[in-house]
Amino acid sequence: MRWALVKVCLAVTAMVVVAFAVPLGLVVQEMASDRAFSNAERQAATMGPTLSITTDPLQLRKAVESTQMGAARRMAVHLPPVGDDAAADIGKGWAGEHAVAETRRIGRATTARVAGGGSALLQPTALGSGDIAVIEIYVPESEVSNGVATAWVVLAGVGLALIVGSVAVADRLGARLVRPAERLADAAHQLGEGRLGARVPEDGPKELRSAAVAFNSMADQVVELLANERELAADLSHRLRTPLTVLRLNTASLGDGPAAEQTRAAVEQLEREVDTIIRTAREQRSPAAAAGVAGCDASEVIRDRMAFWSALAEDEGREVRLAGVDRPVRIPVARPELAAALDAMLGNVFRHTPETTPFAVDVHDAGDAVIVLVSDAGPGISDPDAALRRGNDGGRDGSTGLGLDIVRRVAESTGGDVRLGRSVLGGTEVRVWIALDARALGGPDGVRVRRGRRKRRGN
């Protein structure tokens, strides 16, 4: 925008300079020519009184030589035949005989080009006998163009100064327009990156001031909406404490046994998750930051969660296969986040596939990424794209449509992504790519939520 304004101003100023300087230069050139010929006419008029008194060549020669032009050999007098006297040319003539005869015939002053350069002014003068004598004044080219070159240089300098000045003014004006726009764009980038305190100074042109006011108002509303959302999440989570307390009290009456222990452990974990959500919402931090953990051992977390779900799988007659968890695999995801993602995927298996349907969990360490595969032998997902959209439950009972969104957010927090496809067991395969170096990852064909090419944000 800034350079476009400079270019437009440069073009307009250049056209204006050409439109005015060129005609003005031509006028100066014409004035110099008129000045030279007017001086020649005055010099020719000085011989008029002498010709009216005498036509004696000797007297006329003396009169010619006494003048400035005659002394410079730039004046000549062409006498016609008078009585018994033949025609005579006094002084050095520059114009040809034809030009002299034509001037005598038409009876008014004319100019003729000289072969060696310059021009000759031919001024007819009436003699006492009624004949016409012609006074010739030579006008060199230097007098015709005297001062013209200087005038052109001055005009060119003035035009150049105008162009430079207009470009400088346009550049300053462009900077005044561009800087508020750049600040607005920078603030928009900051707001998009999560820096909610980004605001724009409300200065500059009227339109940009209005845009800055609108942006600041929008940013304030975003902050207010996020605050309301956090408060709502905290309030909703807090409301869960009452039924959780009832569940915890009821588990005390279950007695001993594996099922009772698992139920009590599940209730305790649910209470911890609710407390984490409340603290996160109040402190305005992400769940990973609230956990205060740089990462976790994916193998250990998966083994722990599979131990929890294996009891239910055994009750429903499901065959379970677990692979790739025999050695530690560190990932940049907090333990509660990975556990929540695993519970979401495994919960979908139990919720949306018939009993006795086998499933498998595989972990692959690809060097720059860790791949977690959860596959089953169920009926599969007819529309994977719709299933990955946040809040889309696909019309299934008992589904909020947020389980896969939890998985997606965990993967994208590392620069990875989530894909849905057909598993080797014949059902659905959820493939979670967890990047270890925040680089964009590629892989086999499947349905991707996002390309995962966003840069990881620093702590």
# chains A, B, ... in the order shown; residues from 1 in each chain; ligands from 1
call {"tool": "select_by_dssp", "arguments": {"residues": "range 145-268 of chain A", "states": "alpha helix (DSSP H)", "output": "PyMOL selection string"}}
result
chain A and resi 148-192+206-239+241-251+258-268
call {"tool": "residues_around", "arguments": {"residues": "range 38-54 of chain A", "least_positions_apart": "5", "cutoff": "9 Å", "atoms": "only C-alpha atoms", "output": "list in words"}}
result
Ser33, Gln59, Leu60, Ala63, Val64, Thr67, Gln68, Met69, Met75, Val77, Ala109, Leu121, Leu122, Gln123, Thr125, Ala126, Leu127, Gly128, Ala133, Ile135, Glu136, Ile137, Tyr138 and Val139 of chain A
call {"tool": "residues_around", "arguments": {"residues": "range 95-105 of chain A", "least_positions_apart": "5", "cutoff": "7 Å", "atoms": "only C-alpha atoms", "output": "list in words"}}
result
Thr110, Ala112, Val114, Ala120, Leu122, Pro124, Ile132 and Val134 of chain A
call {"tool": "residues_around", "arguments": {"residues": "range 204-209 of chain A", "least_positions_apart": "4", "cutoff": "9 Å", "atoms": "only C-alpha atoms", "output": "ChimeraX atom specification"}}
result
/A:176-177,179-181,184,213-214
call {"tool": "write_last_selection", "arguments": {"atoms": "N, CA and C atoms", "output": "CSV table (one decimal), in the first residue's frame"}}
result
chain,number,residue,atom,x,y,z
A,176,ARG,N,2.1,6.9,7.3
A,176,ARG,CA,1.0,7.2,8.3
A,176,ARG,C,-0.2,6.3,8.1
A,177,LEU,N,-0.5,5.9,6.9
A,177,LEU,CA,-1.6,4.9,6.7
A,177,LEU,C,-1.2,3.5,7.0
A,179,ARG,N,1.3,2.2,9.0
A,179,ARG,CA,1.7,1.8,10.4
A,179,ARG,C,0.4,1.4,11.2
A,180,PRO,N,-0.7,2.1,11.2
A,180,PRO,CA,-1.8,1.6,11.9
A,180,PRO,C,-2.3,0.3,11.4
A,181,ALA,N,-2.3,0.1,10.1
A,181,ALA,CA,-2.7,-1.2,9.5
A,181,ALA,C,-1.8,-2.3,10.0
A,184,LEU,N,-2.6,-3.1,13.5
A,184,LEU,CA,-3.8,-3.9,13.6
A,184,LEU,C,-3.6,-5.3,13.2
A,213,VAL,N,-11.0,0.6,16.9
A,213,VAL,CA,-12.0,0.6,17.9
A,213,VAL,C,-12.8,-0.7,17.9
A,214,ALA,N,-13.1,-1.1,16.6
A,214,ALA,CA,-13.9,-2.4,16.5
A,214,ALA,C,-13.1,-3.6,17.0
call {"tool": "residues_around", "arguments": {"residues": "Pro81 in chain A", "least_positions_apart": "6", "cutoff": "12 Å", "atoms": "only C-alpha atoms", "output": "ChimeraX atom specification"}}
result
/A:55-57,87-89,127,129-133
call {"tool": "residues_around", "arguments": {"residues": "Met218 in chain A", "least_positions_apart": "4", "cutoff": "12 Å", "atoms": "only C-alpha atoms", "output": "compact mmCIF listing (two decimals) with all heavy atoms, in the first residue's frame"}}
result
# COMPACT_ATOMS: atom_id res chain seq x y z
N ALA A 187 -1.66 -7.07 16.01
CA ALA A 187 -2.53 -7.36 17.16
C ALA A 187 -3.46 -8.53 16.86
O ALA A 187 -3.74 -9.36 17.74
CB ALA A 187 -3.34 -6.12 17.53
N ALA A 188 -3.92 -8.63 15.61
CA ALA A 188 -4.79 -9.75 15.24
C ALA A 188 -4.02 -11.07 15.34
O ALA A 188 -4.56 -12.08 15.81
CB ALA A 188 -5.33 -9.55 13.83
N LEU A 191 -3.64 -11.91 19.01
CA LEU A 191 -4.89 -12.43 19.56
C LEU A 191 -5.14 -13.86 19.09
O LEU A 191 -5.61 -14.71 19.86
CB LEU A 191 -6.06 -11.52 19.15
CG LEU A 191 -7.41 -11.82 19.79
CD1 LEU A 191 -7.34 -11.61 21.30
CD2 LEU A 191 -8.51 -10.96 19.19
N LEU A 196 -4.37 -12.59 24.83
CA LEU A 196 -5.64 -11.88 24.89
C LEU A 196 -5.49 -10.43 25.29
O LEU A 196 -6.45 -9.66 25.21
CB LEU A 196 -6.58 -12.59 25.89
CG LEU A 196 -6.87 -14.07 25.57
CD1 LEU A 196 -7.81 -14.64 26.61
CD2 LEU A 196 -7.45 -14.21 24.18
N GLY A 197 -4.32 -10.02 25.75
CA GLY A 197 -4.12 -8.63 26.13
C GLY A 197 -3.74 -7.74 24.96
O GLY A 197 -3.51 -6.54 25.15
N ALA A 198 -3.68 -8.27 23.75
CA ALA A 198 -3.29 -7.48 22.58
C ALA A 198 -4.37 -6.45 22.27
O ALA A 198 -5.54 -6.78 22.12
CB ALA A 198 -3.06 -8.40 21.38
N ARG A 199 -3.95 -5.19 22.15
CA ARG A 199 -4.84 -4.10 21.79
C ARG A 199 -4.16 -3.20 20.77
O ARG A 199 -2.94 -3.23 20.62
CB ARG A 199 -5.26 -3.28 23.02
CG ARG A 199 -6.07 -4.06 24.05
CD ARG A 199 -7.41 -4.51 23.51
NE ARG A 199 -8.20 -5.17 24.53
CZ ARG A 199 -8.15 -6.46 24.80
NH1 ARG A 199 -7.30 -7.23 24.12
NH2 ARG A 199 -8.91 -6.99 25.73
N VAL A 200 -4.95 -2.37 20.09
CA VAL A 200 -4.44 -1.51 19.02
C VAL A 200 -4.63 -0.06 19.43
O VAL A 200 -5.73 0.32 19.87
CB VAL A 200 -5.18 -1.77 17.69
CG1 VAL A 200 -4.59 -0.94 16.57
CG2 VAL A 200 -5.11 -3.25 17.33
N ALA A 211 -11.54 0.92 12.63
CA ALA A 211 -11.16 -0.49 12.66
C ALA A 211 -10.49 -0.86 13.98
O ALA A 211 -10.73 -1.94 14.54
CB ALA A 211 -10.24 -0.82 11.49
N ALA A 212 -9.64 0.04 14.50
CA ALA A 212 -8.97 -0.23 15.78
C ALA A 212 -9.99 -0.28 16.92
O ALA A 212 -9.90 -1.15 17.80
CB ALA A 212 -7.92 0.85 16.05
N VAL A 213 -10.96 0.64 16.91
CA VAL A 213 -12.00 0.62 17.95
C VAL A 213 -12.78 -0.69 17.88
O VAL A 213 -13.06 -1.33 18.90
CB VAL A 213 -12.92 1.84 17.78
CG1 VAL A 213 -14.13 1.71 18.71
CG2 VAL A 213 -12.17 3.13 18.09
N ALA A 214 -13.14 -1.11 16.64
CA ALA A 214 -13.89 -2.36 16.50
C ALA A 214 -13.07 -3.56 16.95
O ALA A 214 -13.58 -4.47 17.60
CB ALA A 214 -14.32 -2.54 15.04
N VAL A 222 -14.11 -11.08 23.42
CA VAL A 222 -13.52 -12.42 23.45
C VAL A 222 -13.04 -12.76 24.86
O VAL A 222 -13.28 -13.87 25.36
CB VAL A 222 -12.35 -12.51 22.44
CG1 VAL A 222 -11.55 -13.78 22.65
CG2 VAL A 222 -12.89 -12.48 21.01
N VAL A 223 -12.36 -11.80 25.49
CA VAL A 223 -11.90 -12.03 26.86
C VAL A 223 -13.07 -12.28 27.79
O VAL A 223 -13.04 -13.19 28.64
CB VAL A 223 -11.06 -10.82 27.33
CG1 VAL A 223 -10.73 -10.95 28.81
CG2 VAL A 223 -9.79 -10.71 26.52
N GLU A 224 -14.14 -11.51 27.61
CA GLU A 224 -15.31 -11.68 28.47
C GLU A 224 -15.98 -13.03 28.24
O GLU A 224 -16.38 -13.72 29.20
CB GLU A 224 -16.31 -10.54 28.21
CG GLU A 224 -17.54 -10.58 29.11
CD GLU A 224 -18.48 -9.43 28.86
OE1 GLU A 224 -18.13 -8.55 28.04
OE2 GLU A 224 -19.55 -9.40 29.47
N LEU A 225 -16.07 -13.42 26.96
CA LEU A 225 -16.69 -14.71 26.66
C LEU A 225 -15.87 -15.87 27.22
O LEU A 225 -16.43 -16.84 27.76
CB LEU A 225 -16.85 -14.87 25.15
CG LEU A 225 -17.91 -13.98 24.48
CD1 LEU A 225 -17.85 -14.12 22.96
CD2 LEU A 225 -19.31 -14.34 24.98
call {"tool": "select_by_dssp", "arguments": {"residues": "range 70-313 of chain A", "states": "strand (DSSP E)", "output": "VMD selection string"}}
result
chain A and resid 75 to 79 88 to 91 110 to 113 119 to 126 132 to 139 296 to 297
call {"tool": "residues_around", "arguments": {"residues": "range 249-260 of chain A", "least_positions_apart": "5", "cutoff": "12 Å", "atoms": "only C-alpha atoms", "output": "PyMOL selection string"}}
result
chain A and resi 242-244+265-268+307-312+315
call {"tool": "write_last_selection", "arguments": {"atoms": "N, CA, C and O atoms", "output": "PDB file, in the first residue's frame"}}
result
ATOM      1  N   THR A 242     -21.555 -33.094  44.110  1.00  0.00           N
ATOM      2  CA  THR A 242     -22.611 -33.690  44.937  1.00  0.00           C
ATOM      3  C   THR A 242     -22.898 -35.136  44.527  1.00  0.00           C
ATOM      4  O   THR A 242     -22.870 -36.043  45.374  1.00  0.00           O
ATOM      5  N   PRO A 243     -23.192 -35.418  43.239  1.00  0.00           N
ATOM      6  CA  PRO A 243     -23.403 -36.830  42.883  1.00  0.00           C
ATOM      7  C   PRO A 243     -22.147 -37.676  43.067  1.00  0.00           C
ATOM      8  O   PRO A 243     -22.250 -38.869  43.383  1.00  0.00           O
ATOM      9  N   LEU A 244     -20.962 -37.072  42.927  1.00  0.00           N
ATOM     10  CA  LEU A 244     -19.745 -37.832  43.158  1.00  0.00           C
ATOM     11  C   LEU A 244     -19.616 -38.216  44.625  1.00  0.00           C
ATOM     12  O   LEU A 244     -19.152 -39.319  44.971  1.00  0.00           O
ATOM     13  N   ALA A 265     -11.809 -46.841  42.821  1.00  0.00           N
ATOM     14  CA  ALA A 265     -10.707 -46.158  42.120  1.00  0.00           C
ATOM     15  C   ALA A 265     -11.239 -45.245  41.025  1.00  0.00           C
ATOM     16  O   ALA A 265     -10.730 -44.131  40.816  1.00  0.00           O
ATOM     17  N   ALA A 266     -12.281 -45.716  40.328  1.00  0.00           N
ATOM     18  CA  ALA A 266     -12.866 -44.878  39.268  1.00  0.00           C
ATOM     19  C   ALA A 266     -13.492 -43.623  39.844  1.00  0.00           C
ATOM     20  O   ALA A 266     -13.365 -42.518  39.284  1.00  0.00           O
ATOM     21  N   VAL A 267     -14.193 -43.754  40.973  1.00  0.00           N
ATOM     22  CA  VAL A 267     -14.812 -42.580  41.602  1.00  0.00           C
ATOM     23  C   VAL A 267     -13.740 -41.599  42.067  1.00  0.00           C
ATOM     24  O   VAL A 267     -13.867 -40.375  41.896  1.00  0.00           O
ATOM     25  N   GLU A 268     -12.657 -42.108  42.649  1.00  0.00           N
ATOM     26  CA  GLU A 268     -11.570 -41.218  43.081  1.00  0.00           C
ATOM     27  C   GLU A 268     -10.931 -40.500  41.903  1.00  0.00           C
ATOM     28  O   GLU A 268     -10.622 -39.305  41.983  1.00  0.00           O
ATOM     29  N   ALA A 307      -5.419 -51.954  32.135  1.00  0.00           N
ATOM     30  CA  ALA A 307      -5.752 -52.764  33.306  1.00  0.00           C
ATOM     31  C   ALA A 307      -7.138 -52.420  33.829  1.00  0.00           C
ATOM     32  O   ALA A 307      -7.880 -53.291  34.307  1.00  0.00           O
ATOM     33  N   PHE A 308      -7.496 -51.126  33.737  1.00  0.00           N
ATOM     34  CA  PHE A 308      -8.825 -50.704  34.176  1.00  0.00           C
ATOM     35  C   PHE A 308      -9.911 -51.251  33.249  1.00  0.00           C
ATOM     36  O   PHE A 308     -10.922 -51.792  33.692  1.00  0.00           O
ATOM     37  N   TRP A 309      -9.701 -51.111  31.927  1.00  0.00           N
ATOM     38  CA  TRP A 309     -10.727 -51.508  30.966  1.00  0.00           C
ATOM     39  C   TRP A 309     -10.759 -53.023  30.735  1.00  0.00           C
ATOM     40  O   TRP A 309     -11.745 -53.552  30.217  1.00  0.00           O
ATOM     41  N   SER A 310      -9.701 -53.727  31.088  1.00  0.00           N
ATOM     42  CA  SER A 310      -9.666 -55.164  30.840  1.00  0.00           C
ATOM     43  C   SER A 310     -10.730 -55.908  31.628  1.00  0.00           C
ATOM     44  O   SER A 310     -11.274 -56.928  31.163  1.00  0.00           O
ATOM     45  N   ALA A 311     -11.034 -55.436  32.853  1.00  0.00           N
ATOM     46  CA  ALA A 311     -12.074 -56.094  33.650  1.00  0.00           C
ATOM     47  C   ALA A 311     -13.422 -56.043  32.941  1.00  0.00           C
ATOM     48  O   ALA A 311     -14.146 -57.043  32.866  1.00  0.00           O
ATOM     49  N   LEU A 312     -13.751 -54.860  32.398  1.00  0.00           N
ATOM     50  CA  LEU A 312     -15.016 -54.741  31.674  1.00  0.00           C
ATOM     51  C   LEU A 312     -14.985 -55.562  30.393  1.00  0.00           C
ATOM     52  O   LEU A 312     -15.992 -56.176  30.006  1.00  0.00           O
ATOM     53  N   ASP A 315     -15.742 -59.111  31.254  1.00  0.00           N
ATOM     54  CA  ASP A 315     -17.158 -59.327  31.528  1.00  0.00           C
ATOM     55  C   ASP A 315     -17.969 -59.426  30.236  1.00  0.00           C
ATOM     56  O   ASP A 315     -18.948 -60.174  30.162  1.00  0.00           O
TER      57      ASP A 315
END
